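Source file input-v4.txt; content: compact mmCIF, C-alpha atoms and all ligand atoms.
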```
# COMPACT_ATOMS: atom_id res chain seq x y z
CA MET A 1 13.22 -38.61 -1.80
CA ASP A 2 13.62 -42.23 -2.86
CA GLN A 3 14.97 -42.68 -6.42
CA GLY A 4 11.75 -44.18 -7.79
CA ALA A 5 9.80 -41.08 -6.76
CA SER A 6 12.14 -38.61 -8.48
CA PRO A 7 10.31 -36.42 -11.02
CA LEU A 8 13.06 -37.47 -13.46
CA ASN A 9 11.60 -40.98 -13.43
CA ILE A 10 8.03 -39.85 -14.04
CA SER A 11 6.77 -38.97 -17.48
CA TRP A 12 3.30 -37.88 -18.58
CA HIS A 13 1.20 -40.74 -19.92
CA HIS A 14 -0.94 -39.28 -22.66
CA GLY A 15 -4.54 -40.38 -22.89
CA ILE A 16 -6.35 -41.26 -26.09
CA VAL A 17 -9.39 -39.18 -25.15
CA THR A 18 -8.18 -35.56 -24.82
CA PRO A 19 -9.49 -32.61 -22.79
CA THR A 20 -10.83 -31.15 -26.05
CA THR A 21 -12.75 -34.33 -26.81
CA ARG A 22 -14.22 -34.39 -23.31
CA ALA A 23 -15.32 -30.75 -23.62
CA ILE A 24 -16.92 -31.42 -27.00
CA ARG A 25 -18.69 -34.45 -25.50
CA LEU A 26 -20.15 -32.17 -22.79
CA ARG A 27 -20.83 -29.39 -25.30
CA GLN A 28 -19.23 -26.68 -23.20
CA LYS A 29 -16.04 -24.71 -22.74
CA PRO A 30 -14.42 -25.62 -19.42
CA ILE A 31 -13.71 -22.52 -17.36
CA THR A 32 -12.77 -21.86 -13.76
CA VAL A 33 -14.48 -18.85 -12.20
CA TRP A 34 -12.25 -17.97 -9.24
CA PHE A 35 -13.96 -15.86 -6.56
CA THR A 36 -11.58 -14.02 -4.22
CA GLY A 37 -12.41 -11.64 -1.37
CA LEU A 38 -12.65 -11.31 2.38
CA SER A 39 -14.59 -13.78 4.48
CA GLY A 40 -18.25 -12.76 4.16
CA SER A 41 -17.74 -10.97 0.83
CA GLY A 42 -20.09 -13.43 -0.90
CA LYS A 43 -17.83 -16.02 -2.54
CA SER A 44 -19.77 -19.12 -1.50
CA THR A 45 -23.13 -17.44 -2.09
CA LEU A 46 -22.23 -16.42 -5.63
CA ALA A 47 -20.49 -19.72 -6.42
CA THR A 48 -23.62 -21.68 -5.47
CA HIS A 49 -25.92 -19.34 -7.41
CA LEU A 50 -23.61 -19.46 -10.43
CA GLU A 51 -23.59 -23.25 -10.31
CA LEU A 52 -27.38 -23.36 -10.09
CA ALA A 53 -27.74 -21.02 -13.09
CA LEU A 54 -25.22 -22.98 -15.17
CA CYS A 55 -26.57 -26.37 -14.13
CA THR A 56 -30.11 -25.25 -15.00
CA ALA A 57 -28.80 -24.15 -18.41
CA GLY A 58 -27.49 -27.68 -18.96
CA HIS A 59 -23.82 -27.28 -18.03
CA ALA A 60 -21.78 -29.85 -16.08
CA THR A 61 -20.33 -28.03 -13.07
CA PHE A 62 -18.54 -28.34 -9.76
CA ILE A 63 -17.82 -26.03 -6.81
CA LEU A 64 -14.50 -25.97 -4.99
CA ASP A 65 -15.24 -24.11 -1.76
CA GLY A 66 -12.39 -23.12 0.56
CA ASP A 67 -14.26 -24.22 3.66
CA ASN A 68 -15.27 -27.56 2.17
CA VAL A 69 -11.82 -28.52 0.89
CA ARG A 70 -10.40 -27.84 4.34
CA LYS A 71 -12.58 -30.71 5.62
CA GLY A 72 -10.90 -33.20 3.29
CA LEU A 73 -8.29 -32.55 0.61
CA CYS A 74 -6.64 -29.79 2.68
CA ARG A 75 -7.50 -30.92 6.21
CA ASP A 76 -3.80 -31.02 7.13
CA LEU A 77 -3.32 -27.31 6.36
CA GLY A 78 -3.61 -24.28 8.62
CA PHE A 79 -3.66 -20.55 7.87
CA SER A 80 0.03 -19.61 7.80
CA ALA A 81 1.19 -17.98 4.55
CA ASN A 82 2.86 -21.26 3.49
CA ASP A 83 -0.22 -23.35 4.23
CA ARG A 84 -2.45 -20.89 2.38
CA THR A 85 -0.15 -21.17 -0.64
CA GLU A 86 -0.31 -24.97 -0.51
CA ASN A 87 -4.11 -24.77 -0.12
CA ILE A 88 -4.39 -22.65 -3.28
CA ARG A 89 -1.94 -24.87 -5.16
CA ARG A 90 -3.95 -28.02 -4.41
CA VAL A 91 -7.30 -26.45 -5.26
CA ALA A 92 -5.88 -24.99 -8.49
CA GLU A 93 -4.54 -28.42 -9.48
CA VAL A 94 -7.95 -29.96 -8.80
CA ALA A 95 -9.66 -27.19 -10.80
CA ARG A 96 -7.28 -27.92 -13.66
CA LEU A 97 -8.13 -31.63 -13.55
CA MET A 98 -11.84 -30.79 -13.47
CA ASN A 99 -11.44 -28.44 -16.44
CA ASP A 100 -9.52 -31.22 -18.23
CA ALA A 101 -12.50 -33.45 -17.42
CA GLY A 102 -14.68 -30.87 -19.17
CA LEU A 103 -16.38 -29.32 -16.16
CA VAL A 104 -17.10 -25.67 -15.44
CA VAL A 105 -15.66 -24.93 -11.99
CA ALA A 106 -16.60 -22.23 -9.49
CA ALA A 107 -13.82 -21.79 -6.91
CA ALA A 108 -14.62 -19.84 -3.74
CA LEU A 109 -11.49 -19.14 -1.72
CA ILE A 110 -10.30 -16.05 0.14
CA SER A 111 -6.95 -16.52 -1.66
CA PRO A 112 -5.50 -13.39 -0.01
CA TYR A 113 -2.07 -13.34 -1.68
CA SER A 114 -1.61 -11.98 -5.22
CA GLN A 115 1.24 -14.40 -5.80
CA ASP A 116 -0.96 -17.40 -4.97
CA ARG A 117 -3.72 -16.22 -7.30
CA ALA A 118 -1.12 -15.76 -10.06
CA MET A 119 0.00 -19.33 -9.37
CA ALA A 120 -3.61 -20.54 -9.66
CA ARG A 121 -3.95 -18.72 -12.99
CA ASP A 122 -0.74 -20.40 -14.23
CA ILE A 123 -1.77 -23.88 -13.10
CA ILE A 124 -5.29 -23.66 -14.54
CA GLY A 125 -4.21 -21.75 -17.65
CA PRO A 126 -4.97 -18.07 -18.26
CA GLU A 127 -7.44 -18.88 -21.07
CA ARG A 128 -9.57 -20.93 -18.65
CA PHE A 129 -9.31 -18.63 -15.62
CA ILE A 130 -11.75 -15.83 -14.71
CA GLU A 131 -10.74 -13.94 -11.59
CA VAL A 132 -13.71 -12.32 -9.86
CA TYR A 133 -12.85 -9.94 -7.03
CA LEU A 134 -15.67 -9.49 -4.51
CA ASP A 135 -14.84 -6.04 -3.29
CA ALA A 136 -16.72 -5.56 -0.03
CA SER A 137 -15.04 -3.58 2.72
CA LEU A 138 -13.93 -5.14 5.97
CA ALA A 139 -16.65 -3.13 7.75
CA VAL A 140 -19.35 -4.59 5.49
CA CYS A 141 -18.03 -8.17 5.78
CA GLU A 142 -17.59 -7.85 9.52
CA GLY A 143 -21.12 -6.44 9.79
CA ARG A 144 -22.47 -9.51 7.96
CA ASP A 145 -20.26 -11.96 9.87
CA PRO A 146 -22.38 -14.88 8.53
CA LYS A 147 -20.46 -17.49 10.52
CA GLY A 148 -19.50 -15.44 13.58
CA LEU A 149 -15.83 -15.74 12.65
CA TYR A 150 -14.98 -12.01 12.82
CA ARG A 151 -16.31 -11.94 16.36
CA LYS A 152 -14.04 -14.85 17.25
CA ALA A 153 -11.10 -13.20 15.45
CA ARG A 154 -11.62 -9.97 17.42
CA THR A 155 -11.68 -11.79 20.75
CA GLY A 156 -8.52 -13.69 19.77
CA GLU A 157 -10.29 -17.03 19.64
CA ILE A 158 -9.18 -17.38 15.99
CA HIS A 159 -5.69 -16.40 14.83
CA GLU A 160 -4.40 -15.40 11.39
CA PHE A 161 -7.88 -14.31 10.29
CA THR A 162 -7.86 -12.45 6.97
CA GLY A 163 -8.64 -8.75 7.33
CA VAL A 164 -8.13 -8.81 11.11
CA SER A 165 -4.84 -10.53 11.87
CA SER A 166 -3.71 -11.65 8.42
CA PRO A 167 -3.38 -9.56 5.23
CA TYR A 168 -5.59 -9.44 2.13
CA GLN A 169 -3.93 -8.20 -1.07
CA PRO A 170 -6.68 -6.94 -3.43
CA PRO A 171 -6.29 -8.02 -7.07
CA GLU A 172 -4.79 -5.26 -9.24
CA ASN A 173 -6.13 -6.54 -12.53
CA PRO A 174 -9.10 -8.88 -11.94
CA ASP A 175 -11.29 -9.92 -14.87
CA LEU A 176 -14.28 -8.64 -12.93
CA THR A 177 -14.80 -6.62 -9.74
CA ILE A 178 -18.13 -6.66 -7.94
CA ASN A 179 -18.89 -4.53 -4.94
CA THR A 180 -21.28 -6.85 -3.14
CA ALA A 181 -22.19 -4.11 -0.67
CA ASN A 182 -24.02 -2.25 -3.45
CA ALA A 183 -25.13 -5.08 -5.72
CA SER A 184 -27.81 -7.63 -4.88
CA VAL A 185 -26.99 -11.32 -5.25
CA GLN A 186 -29.05 -11.34 -8.48
CA ASP A 187 -27.22 -8.27 -9.89
CA ALA A 188 -23.85 -9.79 -9.00
CA MET A 189 -24.87 -13.04 -10.67
CA GLN A 190 -25.80 -11.22 -13.88
CA MET A 191 -22.34 -9.61 -13.95
CA VAL A 192 -20.61 -12.97 -13.50
CA LEU A 193 -22.79 -14.63 -16.15
CA ALA A 194 -22.07 -11.79 -18.61
CA GLU A 195 -18.31 -12.32 -18.12
CA PHE A 196 -18.80 -16.08 -18.48
CA VAL A 197 -20.68 -15.67 -21.76
CA LYS A 198 -18.00 -13.26 -23.06
CA ARG A 199 -15.52 -16.13 -22.78
N1 LIG B 201 -24.34 -9.09 -3.73
C1 LIG B 201 -24.09 -10.09 -2.85
N2 LIG B 201 -23.35 -11.14 -3.25
C2 LIG B 201 -23.08 -12.14 -2.38
N3 LIG B 201 -23.50 -12.18 -1.10
C3 LIG B 201 -24.25 -11.15 -0.65
C4 LIG B 201 -24.56 -10.05 -1.50
N4 LIG B 201 -25.30 -9.17 -0.80
C5 LIG B 201 -25.43 -9.70 0.44
N5 LIG B 201 -24.81 -10.89 0.54
C6 LIG B 201 -24.75 -11.74 1.77
O1 LIG B 201 -23.41 -11.76 2.25
C7 LIG B 201 -23.12 -13.02 2.88
C8 LIG B 201 -21.89 -13.63 2.20
O2 LIG B 201 -21.56 -14.85 2.85
P1 LIG B 201 -20.71 -15.99 2.13
O3 LIG B 201 -21.20 -16.21 0.73
O4 LIG B 201 -20.66 -17.16 3.04
O5 LIG B 201 -19.24 -15.29 2.05
P2 LIG B 201 -17.82 -15.94 1.82
O6 LIG B 201 -18.02 -17.29 1.19
O7 LIG B 201 -17.12 -14.96 0.92
O8 LIG B 201 -17.19 -16.02 3.16
C9 LIG B 201 -24.36 -13.89 2.72
O9 LIG B 201 -25.09 -13.82 3.90
C10 LIG B 201 -25.10 -13.21 1.53
O10 LIG B 201 -26.49 -13.41 1.60
MG MG B 202 -17.41 -19.19 1.87
```

Serialized structure, structure tokens:
Amino acid sequence: MDQGASPLNISWHHGIVTPTTRAIRLRQKPITVWFTGLSGSGKSTLATHLELALCTAGHATFILDGDNVRKGLCRDLGFSANDRTENIRRVAEVARLMNDAGLVVAAALISPYSQDRAMARDIIGPERFIEVYLDASLAVCEGRDPKGLYRKARTGEIHEFTGVSSPYQPPENPDLTINTANASVQDAMQMVLAEFVKR
């Protein structure tokens, strides 16, 4: 690393407008709702419905979707454990910036490793982080296969696919668990909104 880029030579430049001021200006408490679960468990579906409900109620929101960020911010990353960690780190840092900007964020990422989700909680701040575990079995998610990815994973067309050829570590202590095999999208939404209001 060249000397100028050393972290020792970089110090935080404090703003005059603070995160608190921005949140007051938007009249909301910035929170990141972090959806984790297998592919097809309902993360993107619930993130978009949550955003619609919050936006309709007058909140300023944004969605960070795992698939979408991989088309831009994280386009250089693959699906090895290291790349998944870096993917989560980047998205968590962006969520933190968005929360600092005053926005309510819905993050929809498989985020299969407990350690990476703990890192996300640390980066964003535990008081702003709601971990929602979408607990649908592999059989259910594979049955839905909304994007045909399980089929490709089974035929070996896709490697390192979570649940098939790459692990998923279920959260041990999530803020909320929803079994999306039993709950409708509307029921699941009500559960997320109730947790949101509690905060
Ligand atoms: N309770 C539920 N919550 C979320 N999705 C559900 C639920 N019940 C059925 N589904 C369906 O499951 C699929 C989930 O797909 P998606 O949201 O793309 O998953 P992910 O983003 O986790 O890969 C959608 O087709 C959705 O309509
Ligand atoms: Mg998705």

Test item: which residues lie within 10 Å of (-2.5, -19.6, 2.0) counting only C-alpha atoms, as a PyMOL selection string: chain A and resi 77-89+109-113+116-117

Hey, which of A:Val164, A:Leu38, A:Ala107, A:Met119 ends up closest to ligand LIG 201 (chain B)? Count only C-alpha atoms and all ligand atoms.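 So, comparing all the options, the nearest one is A:Leu38.
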
Might you pull out every residue within 9 Å of Ile123 of chain A, with only C-alpha atoms counted and same-chain residues fewer than 6 positions away left off, and present them as a ChimeraX atom specification? /A:89,92-93,95-96

Given all atoms listed in the file as the basis, pick out the residue of A:Leu64, A:Ile24, A:Ile158, A:Leu46 nearest to Gln186 of chain A.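 Of A:Leu64, A:Ile24, A:Ile158, A:Leu46, the one nearest Gln186 of chain A is A:Leu46, counting all atoms listed in the file.
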
Name the residues in contact with Met189 of chain A at a cut-off of 9 Å, using only C-alpha atoms, excluding same-chain residues fewer than 6 positions from it; report them as a PyMOL selection string. chain A and resi 46+49-50+53

Selection as a ChimeraX atom specification: residues within 10 Å of ligand MG 202 (chain B) by only C-alpha atoms and all ligand atoms: /A:35-48,65-68,107-110,146-147

Nearest residue to Glu142 of chain A from the set A:Gly156, A:Gly72, A:Gly163, A:Gly15 (distances using only C-alpha atoms): A:Gly163
